[in-house]
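J.: Following this line is start25.pdb, made up of PDB, N, CA and C atoms:
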ATOM      1  N   MET A  18      15.754  98.686 -33.385
ATOM      2  CA  MET A  18      16.101  98.148 -34.675
ATOM      3  C   MET A  18      15.590  96.714 -34.776
ATOM      4  N   ILE A  19      14.994  96.391 -35.887
ATOM      5  CA  ILE A  19      14.486  95.043 -36.124
ATOM      6  C   ILE A  19      15.601  94.185 -36.720
ATOM      7  N   ALA A  20      15.777  93.013 -36.154
ATOM      8  CA  ALA A  20      16.760  92.055 -36.651
ATOM      9  C   ALA A  20      16.025  90.820 -37.134
ATOM     10  N   SER A  21      16.615  90.131 -38.099
ATOM     11  CA  SER A  21      16.032  88.873 -38.562
ATOM     12  C   SER A  21      17.152  87.877 -38.812
ATOM     13  N   ARG A  22      16.803  86.612 -38.644
ATOM     14  CA  ARG A  22      17.766  85.536 -38.849
ATOM     15  C   ARG A  22      17.079  84.399 -39.602
ATOM     16  N   PRO A  23      17.759  83.854 -40.607
ATOM     17  CA  PRO A  23      17.179  82.714 -41.311
ATOM     18  C   PRO A  23      17.197  81.479 -40.415
ATOM     19  N   ILE A  24      16.195  80.640 -40.590
ATOM     20  CA  ILE A  24      16.144  79.353 -39.882
ATOM     21  C   ILE A  24      16.319  78.269 -40.937
ATOM     22  N   ASP A  25      17.402  77.552 -40.808
ATOM     23  CA  ASP A  25      17.800  76.528 -41.767
ATOM     24  C   ASP A  25      17.928  75.216 -41.007
ATOM     25  N   ILE A  26      17.231  74.197 -41.476
ATOM     26  CA  ILE A  26      17.291  72.881 -40.845
ATOM     27  C   ILE A  26      17.912  71.902 -41.837
ATOM     28  N   ALA A  27      19.119  71.464 -41.549
ATOM     29  CA  ALA A  27      19.845  70.509 -42.384
ATOM     30  C   ALA A  27      19.873  70.946 -43.846
ATOM     31  N   GLY A  28      20.132  72.234 -44.074
ATOM     32  CA  GLY A  28      20.228  72.752 -45.434
ATOM     33  C   GLY A  28      18.907  73.148 -46.057
ATOM     34  N   ARG A  29      17.838  73.014 -45.338
ATOM     35  CA  ARG A  29      16.499  73.361 -45.855
ATOM     36  C   ARG A  29      16.041  74.661 -45.189
ATOM     37  N   PHE A  30      15.887  75.721 -45.979
ATOM     38  CA  PHE A  30      15.458  77.026 -45.473
ATOM     39  C   PHE A  30      13.968  76.946 -45.183
ATOM     40  N   VAL A  31      13.601  77.035 -43.898
ATOM     41  CA  VAL A  31      12.204  76.845 -43.516
ATOM     42  C   VAL A  31      11.503  78.119 -43.073
ATOM     43  N   GLY A  32      12.276  79.127 -42.667
ATOM     44  CA  GLY A  32      11.643  80.357 -42.216
ATOM     45  C   GLY A  32      12.630  81.384 -41.731
ATOM     46  N   VAL A  33      12.065  82.452 -41.171
ATOM     47  CA  VAL A  33      12.864  83.563 -40.662
ATOM     48  C   VAL A  33      12.384  83.896 -39.257
ATOM     49  N   ALA A  34      13.312  84.132 -38.360
ATOM     50  CA  ALA A  34      12.979  84.614 -37.022
ATOM     51  C   ALA A  34      13.227  86.120 -37.015
ATOM     52  N   VAL A  35      12.216  86.875 -36.605
ATOM     53  CA  VAL A  35      12.288  88.332 -36.587
ATOM     54  C   VAL A  35      12.218  88.794 -35.138
ATOM     55  N   SER A  36      13.136  89.703 -34.768
ATOM     56  CA  SER A  36      13.147  90.178 -33.383
ATOM     57  C   SER A  36      11.811  90.816 -33.038
ATOM     58  N   HIS A  37      11.428  90.613 -31.793
ATOM     59  CA  HIS A  37      10.130  91.048 -31.295
ATOM     60  C   HIS A  37      10.322  91.393 -29.832
ATOM     61  N   GLN A  38       9.468  92.223 -29.284
ATOM     62  CA  GLN A  38       9.646  92.628 -27.886
ATOM     63  C   GLN A  38       9.668  91.453 -26.911
ATOM     64  N   ALA A  39       9.007  90.369 -27.252
ATOM     65  CA  ALA A  39       8.960  89.202 -26.367
ATOM     66  C   ALA A  39       9.954  88.117 -26.780
ATOM     67  N   GLY A  40      10.820  88.385 -27.737
ATOM     68  CA  GLY A  40      11.781  87.381 -28.193
ATOM     69  C   GLY A  40      11.923  87.402 -29.690
ATOM     70  N   TRP A  41      11.571  86.298 -30.316
ATOM     71  CA  TRP A  41      11.695  86.141 -31.767
ATOM     72  C   TRP A  41      10.388  85.589 -32.332
ATOM     73  N   ARG A  42       9.870  86.230 -33.347
ATOM     74  CA  ARG A  42       8.646  85.770 -34.014
ATOM     75  C   ARG A  42       9.049  85.013 -35.268
ATOM     76  N   PHE A  43       8.477  83.831 -35.427
ATOM     77  CA  PHE A  43       8.798  82.963 -36.562
ATOM     78  C   PHE A  43       7.883  83.267 -37.735
ATOM     79  N   ARG A  44       8.474  83.407 -38.917
ATOM     80  CA  ARG A  44       7.728  83.565 -40.167
ATOM     81  C   ARG A  44       8.086  82.387 -41.064
ATOM     82  N   ALA A  45       7.104  81.547 -41.330
ATOM     83  CA  ALA A  45       7.331  80.337 -42.127
ATOM     84  C   ALA A  45       7.506  80.680 -43.599
ATOM     85  N   ILE A  46       8.460  80.027 -44.220
ATOM     86  CA  ILE A  46       8.683  80.110 -45.660
ATOM     87  C   ILE A  46       8.288  78.773 -46.284
ATOM     88  N   ASP A  47       8.650  77.695 -45.636
ATOM     89  CA  ASP A  47       8.361  76.337 -46.099
ATOM     90  C   ASP A  47       6.975  75.921 -45.586
ATOM     91  N   PRO A  48       6.100  75.451 -46.476
ATOM     92  CA  PRO A  48       4.757  75.026 -46.041
ATOM     93  C   PRO A  48       4.766  73.935 -44.960
ATOM     94  N   ALA A  49       5.833  73.183 -44.855
ATOM     95  CA  ALA A  49       5.911  72.113 -43.857
ATOM     96  C   ALA A  49       5.890  72.657 -42.435
ATOM     97  N   VAL A  50       6.237  73.931 -42.252
ATOM     98  CA  VAL A  50       6.245  74.514 -40.905
ATOM     99  C   VAL A  50       5.235  75.659 -40.776
ATOM    100  N   ASP A  51       4.221  75.670 -41.624
ATOM    101  CA  ASP A  51       3.187  76.715 -41.568
ATOM    102  C   ASP A  51       2.526  76.824 -40.197
ATOM    103  N   ASP A  52       2.444  75.721 -39.468
ATOM    104  CA  ASP A  52       1.829  75.745 -38.136
ATOM    105  C   ASP A  52       2.542  76.703 -37.187
ATOM    106  N   LEU A  53       3.810  76.984 -37.444
ATOM    107  CA  LEU A  53       4.595  77.851 -36.572
ATOM    108  C   LEU A  53       4.520  79.328 -36.955
ATOM    109  N   ASP A  54       3.944  79.637 -38.102
ATOM    110  CA  ASP A  54       3.929  81.017 -38.571
ATOM    111  C   ASP A  54       3.292  81.933 -37.533
ATOM    112  N   GLY A  55       4.038  82.935 -37.099
ATOM    113  CA  GLY A  55       3.548  83.883 -36.107
ATOM    114  C   GLY A  55       3.861  83.507 -34.666
ATOM    115  N   ALA A  56       4.387  82.312 -34.443
ATOM    116  CA  ALA A  56       4.724  81.884 -33.077
ATOM    117  C   ALA A  56       5.910  82.689 -32.552
ATOM    118  N   THR A  57       5.920  82.950 -31.254
ATOM    119  CA  THR A  57       7.000  83.701 -30.621
ATOM    120  C   THR A  57       7.827  82.763 -29.742
ATOM    121  N   PHE A  58       9.151  82.911 -29.833
ATOM    122  CA  PHE A  58      10.089  82.084 -29.080
ATOM    123  C   PHE A  58      11.039  82.978 -28.311
ATOM    124  N   GLY A  59      11.513  82.503 -27.181
ATOM    125  CA  GLY A  59      12.423  83.271 -26.343
ATOM    126  C   GLY A  59      13.806  83.433 -26.943
ATOM    127  N   THR A  60      14.252  82.404 -27.684
ATOM    128  CA  THR A  60      15.593  82.436 -28.273
ATOM    129  C   THR A  60      15.545  81.919 -29.701
ATOM    130  N   LEU A  61      16.589  82.246 -30.451
ATOM    131  CA  LEU A  61      16.714  81.711 -31.813
ATOM    132  C   LEU A  61      16.858  80.196 -31.801
ATOM    133  N   SER A  62      17.621  79.696 -30.848
ATOM    134  CA  SER A  62      17.824  78.243 -30.793
ATOM    135  C   SER A  62      16.520  77.514 -30.494
ATOM    136  N   GLU A  63      15.658  78.112 -29.687
ATOM    137  CA  GLU A  63      14.354  77.501 -29.420
ATOM    138  C   GLU A  63      13.496  77.486 -30.687
ATOM    139  N   ALA A  64      13.523  78.556 -31.445
ATOM    140  CA  ALA A  64      12.767  78.620 -32.695
ATOM    141  C   ALA A  64      13.253  77.539 -33.658
ATOM    142  N   ALA A  65      14.565  77.388 -33.774
ATOM    143  CA  ALA A  65      15.131  76.372 -34.662
ATOM    144  C   ALA A  65      14.799  74.965 -34.174
ATOM    145  N   ARG A  66      14.858  74.749 -32.870
ATOM    146  CA  ARG A  66      14.563  73.423 -32.297
ATOM    147  C   ARG A  66      13.123  73.017 -32.586
ATOM    148  N   VAL A  67      12.200  73.934 -32.379
ATOM    149  CA  VAL A  67      10.789  73.628 -32.609
ATOM    150  C   VAL A  67      10.520  73.454 -34.106
ATOM    151  N   ALA A  68      11.143  74.271 -34.934
ATOM    152  CA  ALA A  68      10.985  74.115 -36.382
ATOM    153  C   ALA A  68      11.478  72.732 -36.822
ATOM    154  N   LYS A  69      12.575  72.277 -36.243
ATOM    155  CA  LYS A  69      13.097  70.949 -36.569
ATOM    156  C   LYS A  69      12.109  69.859 -36.157
ATOM    157  N   LEU A  70      11.507  70.011 -34.991
ATOM    158  CA  LEU A  70      10.512  69.032 -34.540
ATOM    159  C   LEU A  70       9.300  69.003 -35.471
ATOM    160  N   VAL A  71       8.824  70.174 -35.856
ATOM    161  CA  VAL A  71       7.666  70.242 -36.749
ATOM    162  C   VAL A  71       8.026  69.673 -38.114
ATOM    163  N   LEU A  72       9.207  70.011 -38.613
ATOM    164  CA  LEU A  72       9.643  69.491 -39.908
ATOM    165  C   LEU A  72       9.768  67.971 -39.879
ATOM    166  N   SER A  73      10.180  67.422 -38.744
ATOM    167  CA  SER A  73      10.342  65.968 -38.647
ATOM    168  C   SER A  73       9.006  65.233 -38.733
ATOM    169  N   ARG A  74       7.886  65.949 -38.538
ATOM    170  CA  ARG A  74       6.562  65.328 -38.691
ATOM    171  C   ARG A  74       6.243  65.010 -40.139
ATOM    172  N   THR A  75       6.866  65.741 -41.060
ATOM    173  CA  THR A  75       6.560  65.533 -42.479
ATOM    174  C   THR A  75       7.071  64.173 -42.930
ATOM    175  N   GLN A  76       6.470  63.669 -43.948
ATOM    176  CA  GLN A  76       6.839  62.336 -44.434
ATOM    177  C   GLN A  76       8.154  62.338 -45.185
ATOM    178  N   ASP A  77       8.571  63.493 -45.695
ATOM    179  CA  ASP A  77       9.756  63.511 -46.538
ATOM    180  C   ASP A  77      11.038  63.914 -45.814
ATOM    181  N   TRP A  78      10.977  64.217 -44.492
ATOM    182  CA  TRP A  78      12.188  64.609 -43.800
ATOM    183  C   TRP A  78      12.129  64.217 -42.349
ATOM    184  N   PRO A  79      13.152  63.682 -41.749
ATOM    185  CA  PRO A  79      14.202  62.986 -42.475
ATOM    186  C   PRO A  79      13.698  61.619 -42.919
ATOM    187  N   ARG A  80      14.241  61.114 -43.933
ATOM    188  CA  ARG A  80      13.835  59.799 -44.414
ATOM    189  C   ARG A  80      14.290  58.740 -43.422
ATOM    190  N   ALA A  81      13.374  58.018 -42.891
ATOM    191  CA  ALA A  81      13.718  56.948 -41.948
ATOM    192  C   ALA A  81      14.085  55.696 -42.738
ATOM    193  N   ALA A  82      15.049  54.994 -42.260
ATOM    194  CA  ALA A  82      15.429  53.734 -42.893
ATOM    195  C   ALA A  82      14.325  52.717 -42.624
ATOM    196  N   PRO A  83      13.982  51.923 -43.628
ATOM    197  CA  PRO A  83      12.941  50.903 -43.408
ATOM    198  C   PRO A  83      13.405  49.903 -42.354
ATOM    199  N   ALA A  84      12.455  49.435 -41.578
ATOM    200  CA  ALA A  84      12.769  48.446 -40.549
ATOM    201  C   ALA A  84      13.177  47.132 -41.200
ATOM    202  N   ALA A  85      14.121  46.473 -40.587
ATOM    203  CA  ALA A  85      14.594  45.191 -41.115
ATOM    204  C   ALA A  85      13.517  44.125 -40.876
ATOM    205  N   ALA A  86      13.284  43.343 -41.902
ATOM    206  CA  ALA A  86      12.302  42.249 -41.799
ATOM    207  C   ALA A  86      12.953  41.069 -41.096
ATOM    208  N   HIS A  87      12.200  40.416 -40.276
ATOM    209  CA  HIS A  87      12.710  39.226 -39.565
ATOM    210  C   HIS A  87      11.998  38.002 -40.043
TER     211      HIS A  87
END
Represent the structure of the file as structure tokens.
T.:
Amino acid sequence: MIASRPIDIAGRFVGVAVSHQAGWRFRAIDPAVDDLDGATFGTLSEAARVAKLVLSRTQDWPRAAPAAAH
């Protein structure tokens, strides 16, 4: 039986992990994580962790506070 789980990062739906013989295959929904589309992960938590890292590369998430001027 094929199982799937949504991958949500801080309220942002970025993709779906689909069960696969080698673990979980990631299917990107959000263009910010397109690089991960088709990647296989051993666990759901690993898929979510890597998606969060890839999403953090984007300029719009998370918004970093500007550095204080001295």
J.: Quick one, how far is atom N of Leu70 of chain A from atom CA of Ile19 of chain A?
T.: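 Going from atom N of Leu70 of chain A over to atom CA of Ile19 of chain A, I get 25.2 Å.
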J.: For this structure, which residues satisfy the selection - the PyMOL selection byres ((chain A and resi 23) around 8) - when it is evaluated on the file as given? I want them as a PyMOL selection string.
T.: chain A and resi 20-22+24-26+30-35+65
J.: Output the selection as a compact mmCIF listing (two decimals), keeping the file's coordinate frame - N, CA and C atoms for each residue.
T.:
# COMPACT_ATOMS: atom_id res chain seq x y z
N ALA A 20 15.78 93.01 -36.15
CA ALA A 20 16.76 92.06 -36.65
C ALA A 20 16.02 90.82 -37.13
N SER A 21 16.61 90.13 -38.10
CA SER A 21 16.03 88.87 -38.56
C SER A 21 17.15 87.88 -38.81
N ARG A 22 16.80 86.61 -38.64
CA ARG A 22 17.77 85.54 -38.85
C ARG A 22 17.08 84.40 -39.60
N ILE A 24 16.20 80.64 -40.59
CA ILE A 24 16.14 79.35 -39.88
C ILE A 24 16.32 78.27 -40.94
N ASP A 25 17.40 77.55 -40.81
CA ASP A 25 17.80 76.53 -41.77
C ASP A 25 17.93 75.22 -41.01
N ILE A 26 17.23 74.20 -41.48
CA ILE A 26 17.29 72.88 -40.84
C ILE A 26 17.91 71.90 -41.84
N PHE A 30 15.89 75.72 -45.98
CA PHE A 30 15.46 77.03 -45.47
C PHE A 30 13.97 76.95 -45.18
N VAL A 31 13.60 77.04 -43.90
CA VAL A 31 12.20 76.84 -43.52
C VAL A 31 11.50 78.12 -43.07
N GLY A 32 12.28 79.13 -42.67
CA GLY A 32 11.64 80.36 -42.22
C GLY A 32 12.63 81.38 -41.73
N VAL A 33 12.06 82.45 -41.17
CA VAL A 33 12.86 83.56 -40.66
C VAL A 33 12.38 83.90 -39.26
N ALA A 34 13.31 84.13 -38.36
CA ALA A 34 12.98 84.61 -37.02
C ALA A 34 13.23 86.12 -37.02
N VAL A 35 12.22 86.88 -36.60
CA VAL A 35 12.29 88.33 -36.59
C VAL A 35 12.22 88.79 -35.14
N ALA A 65 14.56 77.39 -33.77
CA ALA A 65 15.13 76.37 -34.66
C ALA A 65 14.80 74.96 -34.17
J.: With all atoms listed in the file as the atoms that count, which of A:Val71, A:Ala39, A:Met18, A:Ala27 lies nearest to Gly59 of chain A?
T.: A:Ala39
J.: Between atom N of Val50 of chain A and atom N of Leu72 of chain A, what is the distance, to one decimal in Å?
T.: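 Distance between the two atoms: 6.1 Å.
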J.: As a PyMOL selection string, list the residues of chain A assigned to alpha helix (DSSP H) by DSSP on the backbone atoms of this structure.
T.: chain A and resi 61-73
J.: Could you check the closest approach to Trp41 of chain A for each of A:Ala68, A:Thr60, A:Gly55, A:Thr75 and tell me which residue wins, using only C-alpha atoms?
T.: A:Thr60
J.: Step one, run DSSP on the backbone; step two, keep only residues of chain A assigned to strand (DSSP E); then write them as a PyMOL selection string.
T.: chain A and resi 21-26+29-37+40-45+57-58
